[in-house]
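Q: Below is run-v2.cif; it holds mmCIF, C-alpha atoms.
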data_input
#
loop_
_atom_site.label_atom_id
_atom_site.label_comp_id
_atom_site.auth_asym_id
_atom_site.auth_seq_id
_atom_site.Cartn_x
_atom_site.Cartn_y
_atom_site.Cartn_z
CA MET Y 276 56.05 15.47 -30.60
CA ALA Y 277 53.75 18.30 -31.53
CA GLY Y 278 50.15 17.30 -31.87
CA LEU Y 279 50.44 14.33 -29.54
CA VAL Y 280 47.28 13.98 -27.39
CA LEU Y 281 47.35 12.13 -24.10
CA LEU Y 282 44.01 11.32 -22.37
CA VAL Y 283 44.01 10.53 -18.67
CA VAL Y 284 40.81 9.43 -16.88
CA VAL Y 285 40.54 9.83 -13.13
CA ALA Y 286 37.77 8.90 -10.71
CA ALA Y 287 36.52 12.41 -10.08
CA GLY Y 288 36.05 13.24 -13.72
CA ALA Y 289 38.33 13.64 -16.71
CA VAL Y 290 41.48 15.68 -17.21
CA VAL Y 291 42.65 16.28 -20.74
CA GLN Y 292 46.33 16.96 -21.39
CA TRP Y 293 47.83 17.94 -24.65
CA SER Y 294 51.23 19.16 -25.80
CA ALA Y 295 51.40 22.68 -27.05
CA ALA Y 296 53.47 23.74 -29.99
CA ASP Y 297 56.07 25.25 -27.67
CA GLY Y 298 56.56 21.96 -25.89
CA GLY Y 299 54.58 23.02 -22.77
CA THR Y 300 51.71 21.05 -21.38
CA THR Y 301 48.26 22.54 -20.83
CA SER Y 302 45.43 20.92 -18.85
CA ALA Y 303 41.69 21.64 -18.64
CA SER Y 304 39.19 20.30 -16.15
CA VAL Y 305 36.01 18.82 -17.69
CA PRO Y 306 32.91 19.22 -15.45
CA ASP Y 307 31.18 16.11 -14.08
CA PRO Y 308 28.05 15.70 -16.25
CA SER Y 309 25.93 14.24 -13.38
CA PRO Y 310 23.30 16.68 -12.02
CA SER Y 311 23.59 18.23 -8.60
CA ALA Y 312 20.95 19.39 -6.15
CA ASP Y 313 21.98 22.98 -6.80
CA ASP Y 314 21.23 22.86 -10.51
CA ALA Y 315 18.29 25.08 -11.42
CA GLY Y 316 15.04 23.18 -11.88
CA ILE Y 317 16.33 19.90 -10.41
CA SER Y 318 15.09 18.42 -7.13
CA ILE Y 319 16.85 15.20 -6.23
CA GLY Y 320 15.04 12.71 -4.00
CA HIS Y 321 11.54 14.19 -4.46
CA GLY Y 322 10.63 13.69 -8.11
CA PHE Y 323 6.96 14.16 -8.91
CA ILE Y 324 5.62 12.55 -5.71
CA PRO Y 325 5.56 14.89 -2.70
CA ASP Y 326 6.91 13.57 0.59
CA GLU Y 327 3.96 15.07 2.47
CA PRO Y 328 0.29 15.61 1.58
CA THR Y 329 -0.24 18.92 -0.12
CA THR Y 330 -2.47 21.57 1.39
CA ASP Y 331 -4.22 24.59 0.04
CA ALA Y 332 -1.67 27.31 -0.74
CA THR Y 333 -3.70 29.80 1.27
CA GLY Y 334 -3.92 27.50 4.30
CA ASP Y 335 -7.73 27.56 4.05
CA ALA Y 336 -8.24 23.92 3.05
CA PRO Y 337 -11.34 22.55 4.87
CA MET Y 338 -10.94 20.02 7.68
CA ILE Y 339 -12.70 16.71 6.95
CA ASP Y 340 -14.60 15.00 9.76
CA ALA Y 341 -13.53 11.35 10.01
CA ALA Y 342 -16.94 10.38 11.39
CA THR Y 343 -18.98 11.80 8.52
CA GLY Y 344 -16.55 12.52 5.67
CA LEU Y 345 -17.92 16.07 5.55
CA PRO Y 346 -16.02 19.36 5.93
CA VAL Y 347 -16.18 21.01 9.36
CA ASP Y 348 -14.85 24.24 10.81
CA ASP Y 349 -12.50 24.52 13.79
CA ALA Y 350 -15.32 25.09 16.27
CA GLN Y 351 -17.16 21.96 15.16
CA ALA Y 352 -14.00 19.86 15.08
CA SER Y 353 -13.31 20.52 18.75
CA GLY Y 354 -16.61 18.98 19.89
CA PRO Y 355 -17.57 15.29 20.25
CA TRP Y 356 -18.31 13.50 16.98
CA TRP Y 357 -21.97 12.85 17.84
CA ARG Y 358 -22.62 16.57 18.11
CA ARG Y 359 -21.10 17.11 14.66
CA ALA Y 360 -22.57 14.08 12.89
CA LEU Y 361 -26.10 13.75 14.24
CA PRO Y 362 -28.81 13.52 13.12
CA ILE Y 363 -28.22 10.53 10.88
CA ALA Y 364 -30.88 8.19 9.48
CA GLY Y 365 -31.52 5.30 7.11
CA ASP Y 366 -33.95 2.66 5.87
CA LEU Y 367 -33.83 -0.81 7.42
CA VAL Y 368 -33.13 -3.54 4.85
CA PRO Y 369 -33.07 -7.34 5.17
CA ILE Y 370 -29.82 -9.25 5.61
CA ARG Y 371 -30.77 -12.75 6.82
CA GLY Y 372 -34.35 -12.05 7.81
CA GLU Y 373 -37.22 -9.97 6.52
CA VAL Y 374 -36.83 -6.46 7.87
CA ARG Y 375 -38.50 -3.18 7.01
CA GLY Y 376 -38.68 0.20 8.72
CA ASN Y 377 -36.69 3.35 9.40
CA VAL Y 378 -34.13 4.36 11.98
CA ARG Y 379 -32.82 7.74 13.11
CA LEU Y 380 -30.14 8.85 15.58
CA GLU Y 381 -30.35 12.35 17.01
CA VAL Y 382 -29.35 14.46 19.99
CA VAL Y 383 -32.35 15.14 22.25
CA GLY Y 384 -30.61 16.56 25.33
CA GLU Y 385 -27.37 17.97 26.64
CA GLN Y 386 -25.93 14.47 27.07
CA VAL Y 387 -28.60 12.26 25.50
CA VAL Y 388 -28.72 10.53 22.11
CA GLN Y 389 -31.93 8.85 20.97
CA ILE Y 390 -32.34 5.98 18.50
CA THR Y 391 -35.83 6.06 16.99
CA LEU Y 392 -37.16 3.07 15.03
CA THR Y 393 -40.46 3.50 13.18
CA GLY Y 394 -42.61 1.10 11.19
CA VAL Y 395 -40.34 -1.82 12.09
CA GLN Y 396 -41.38 -5.22 10.77
CA VAL Y 397 -39.12 -8.18 11.46
CA MET Y 398 -39.43 -11.85 10.52
CA ALA Y 399 -36.81 -14.58 10.72
CA GLY Y 400 -36.13 -16.34 7.44
CA SER Y 401 -37.50 -15.23 4.09
CA GLY Y 402 -40.81 -15.23 2.25
CA THR Y 403 -43.93 -16.91 3.61
CA THR Y 404 -41.85 -19.47 5.52
CA GLY Y 405 -40.49 -16.82 7.87
CA SER Y 406 -41.57 -16.74 11.49
CA HIS Y 407 -42.20 -13.75 13.68
CA VAL Y 408 -39.33 -12.76 15.92
CA GLY Y 409 -39.79 -12.01 19.60
CA ALA Y 410 -37.11 -9.75 21.03
CA VAL Y 411 -34.74 -7.91 18.69
CA ARG Y 412 -31.49 -6.38 19.85
CA VAL Y 413 -30.35 -2.95 18.60
CA GLN Y 414 -26.66 -2.57 17.81
CA LEU Y 415 -24.47 0.20 16.39
CA SER Y 416 -21.50 -0.53 14.16
CA SER Y 417 -18.70 1.27 12.35
CA GLY Y 418 -19.18 -1.15 9.44
CA ASP Y 419 -21.45 -0.45 6.47
CA VAL Y 420 -24.71 -2.05 5.36
CA LEU Y 421 -24.56 -2.33 1.57
CA GLY Y 422 -27.43 -3.30 -0.70
CA SER Y 423 -31.20 -3.21 -0.53
CA GLU Y 424 -33.16 -6.41 -1.14
CA ARG Y 425 -30.55 -8.69 0.45
CA ALA Y 426 -27.93 -6.48 2.01
CA GLN Y 427 -24.51 -7.23 3.44
CA TRP Y 428 -22.91 -5.97 6.62
CA THR Y 429 -19.23 -5.30 5.94
CA GLY Y 430 -18.10 -4.56 9.49
CA GLU Y 431 -15.21 -6.28 11.22
CA ASP Y 432 -15.84 -4.61 14.57
CA VAL Y 433 -17.79 -5.89 17.56
CA PRO Y 434 -21.03 -3.85 17.44
CA ALA Y 435 -22.12 -1.96 20.55
CA ASP Y 436 -25.36 -3.33 22.00
CA PHE Y 437 -28.09 -0.98 23.22
CA GLY Y 438 -30.85 -3.25 24.44
CA SER Y 439 -33.82 -5.03 22.87
CA PHE Y 440 -37.43 -4.42 21.84
CA THR Y 441 -40.38 -6.38 20.48
CA PRO Y 442 -41.41 -5.06 17.04
CA ASP Y 443 -45.10 -4.77 16.26
CA GLY Y 444 -44.92 -2.72 13.04
CA GLU Y 445 -47.02 0.10 14.50
CA HIS Y 446 -45.47 1.82 17.48
CA PRO Y 447 -42.19 3.69 17.31
CA VAL Y 448 -39.36 2.37 19.44
CA LEU Y 449 -37.20 4.81 21.37
CA VAL Y 450 -33.79 3.80 22.67
CA ILE Y 451 -32.04 6.30 24.94
CA VAL Y 452 -28.24 6.23 24.76
CA ASP Y 453 -25.54 7.80 26.90
CA PRO Y 454 -23.14 9.38 24.36
CA GLN Y 455 -20.19 8.07 26.40
CA ASP Y 456 -21.26 4.54 25.39
CA LEU Y 457 -21.28 5.28 21.64
CA PRO Y 458 -18.59 3.73 19.43
CA PRO Y 459 -15.97 6.16 18.04
CA VAL Y 460 -17.61 5.94 14.60
CA VAL Y 461 -21.16 4.84 13.72
CA HIS Y 462 -22.06 3.95 10.14
CA SER Y 463 -24.94 1.54 10.64
CA VAL Y 464 -27.67 0.15 12.88
CA LEU Y 465 -28.05 -3.63 13.10
CA LEU Y 466 -31.06 -5.67 14.26
CA VAL Y 467 -30.16 -9.04 15.78
CA ASP Y 468 -32.44 -11.88 16.88
CA ALA Y 469 -32.10 -11.88 20.66
CA ASP Y 470 -32.72 -15.65 20.86
CA THR Y 471 -30.55 -16.99 18.03
CA GLY Y 472 -28.01 -14.21 17.52
CA ASP Y 473 -28.81 -14.10 13.79
CA LEU Y 474 -28.23 -10.79 12.04
CA LEU Y 475 -31.68 -10.02 10.63
CA GLY Y 476 -31.22 -6.62 9.01
CA GLY Y 477 -29.71 -3.20 9.28
CA ALA Y 478 -29.57 0.34 8.00
CA GLU Y 479 -26.77 2.41 6.52
CA LEU Y 480 -26.87 5.78 8.28
CA LEU Y 481 -26.41 9.03 6.36
CA PRO Y 482 -26.45 12.68 7.47
CA VAL Y 483 -29.86 14.36 7.56
CA PHE Y 484 -29.89 17.89 6.14
#
Let's see the structure in the file written out as structure tokens.

A:
Amino acid sequence: MAGLVLLVVVAAGAVVQWSAADGGTTSASVPDPSPSADDAGISIGHGFIPDEPTTDATGDAPMIDAATGLPVDDAQASGPWWRRALPIAGDLVPIRGEVRGNVRLEVVGEQVVQITLTGVQVMAGSGTTGSHVGAVRVQLSSGDVLGSERAQWTGEDVPADFGSFTPDGEHPVLVIVDPQDLPPVVHSVLLVDADTGDLLGGAELLPVF
């Protein structure tokens, strides 16, 4: 019968058949409406989030030093971190004791790093009830010292120990360090009571320009 329409649906898409006026049958293939990877402007599997970190289109994006968070060039990046990062310095602040003073790390020789502590005053406890501390151990940590009046040490590492000194508040203290003994990253200096093991204070170390 003329005008009769027969619709057949198959898995790969749809095929439409209809009867022509002359009794013949004509078919037309209807394209699959789902997008393909070849369609212009469509990228399947990537969306708006790149699979890899993007870089400068010119390839000139600066390299960031993991030890300092500062940009470095190729020549600097090939050397040991302590040559790139030092000098670094900071103010000593109390954590569980009463601590004041300054600390600085710097390169003083071909293979020598020096820790200099100046104006260091250390007392165990707080306020007028605190007692003077004898020997104080100097430690370096990759953790941070945050705060000022009553700071916190946020490190989860085991600090590297570099000996002890007796603070008198007047004379600078020099600690000579073999760079091979330095931790991979140093963010802070810690002062620890050599007798009790209490963490008395510390300093967050920042680049000196």

Q: Using all atoms listed in the file, which residues sit within 12 Å of region 444-451 of chain Y once same-chain residues fewer than 5 positions away are excluded, as an MDAnalysis selection string?

A: chainID Y and resid 374:384 386:398 407:408 411:415 436:439 456:457

Q: Work out how far apart CA of Ala426 (chain Y) and CA of Val452 (chain Y) are and give it in Å to one decimal.

A: 26.1 Å

Q: Can you work out the spacing between CA of Ser417 (chain Y) and CA of Asp453 (chain Y) in Å, to one decimal?

A: 17.4 Å

Q: Would you please work out which residue, of Y:Leu474, Y:Ala360, Y:Ile370, Y:Leu481, is nearest to Gln427 (chain Y) when using only C-alpha atoms?

A: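 Looking at the shortest contact to Gln427 (chain Y), the residue is Y:Ile370.
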
Q: Determine the residue membership of the PyMOL selection byres ((chain Y and resi 368) around 10) for the file above and supply it as a list in words.

A: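 On this input, the PyMOL selection byres ((chain Y and resi 368) around 10) captures Gly365, Asp366, Leu367, Pro369, Ile370, Arg371, Gly372, Glu373, Val374, Arg375, Gly376, Asn377, Val420, Leu421, Gly422, Ser423, Glu424, Arg425, Ala426, Gln427, Leu465, Leu466, Leu475, Gly476, Gly477, Ala478 and Glu479 of chain Y.
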
Q: Expanded to explicit residues, what is the PyMOL selection byres ((chain Y and resi 458) around 10) for this file, as an MDAnalysis selection string?

A: chainID Y and resid 357 415:417 433:435 454:457 459:462
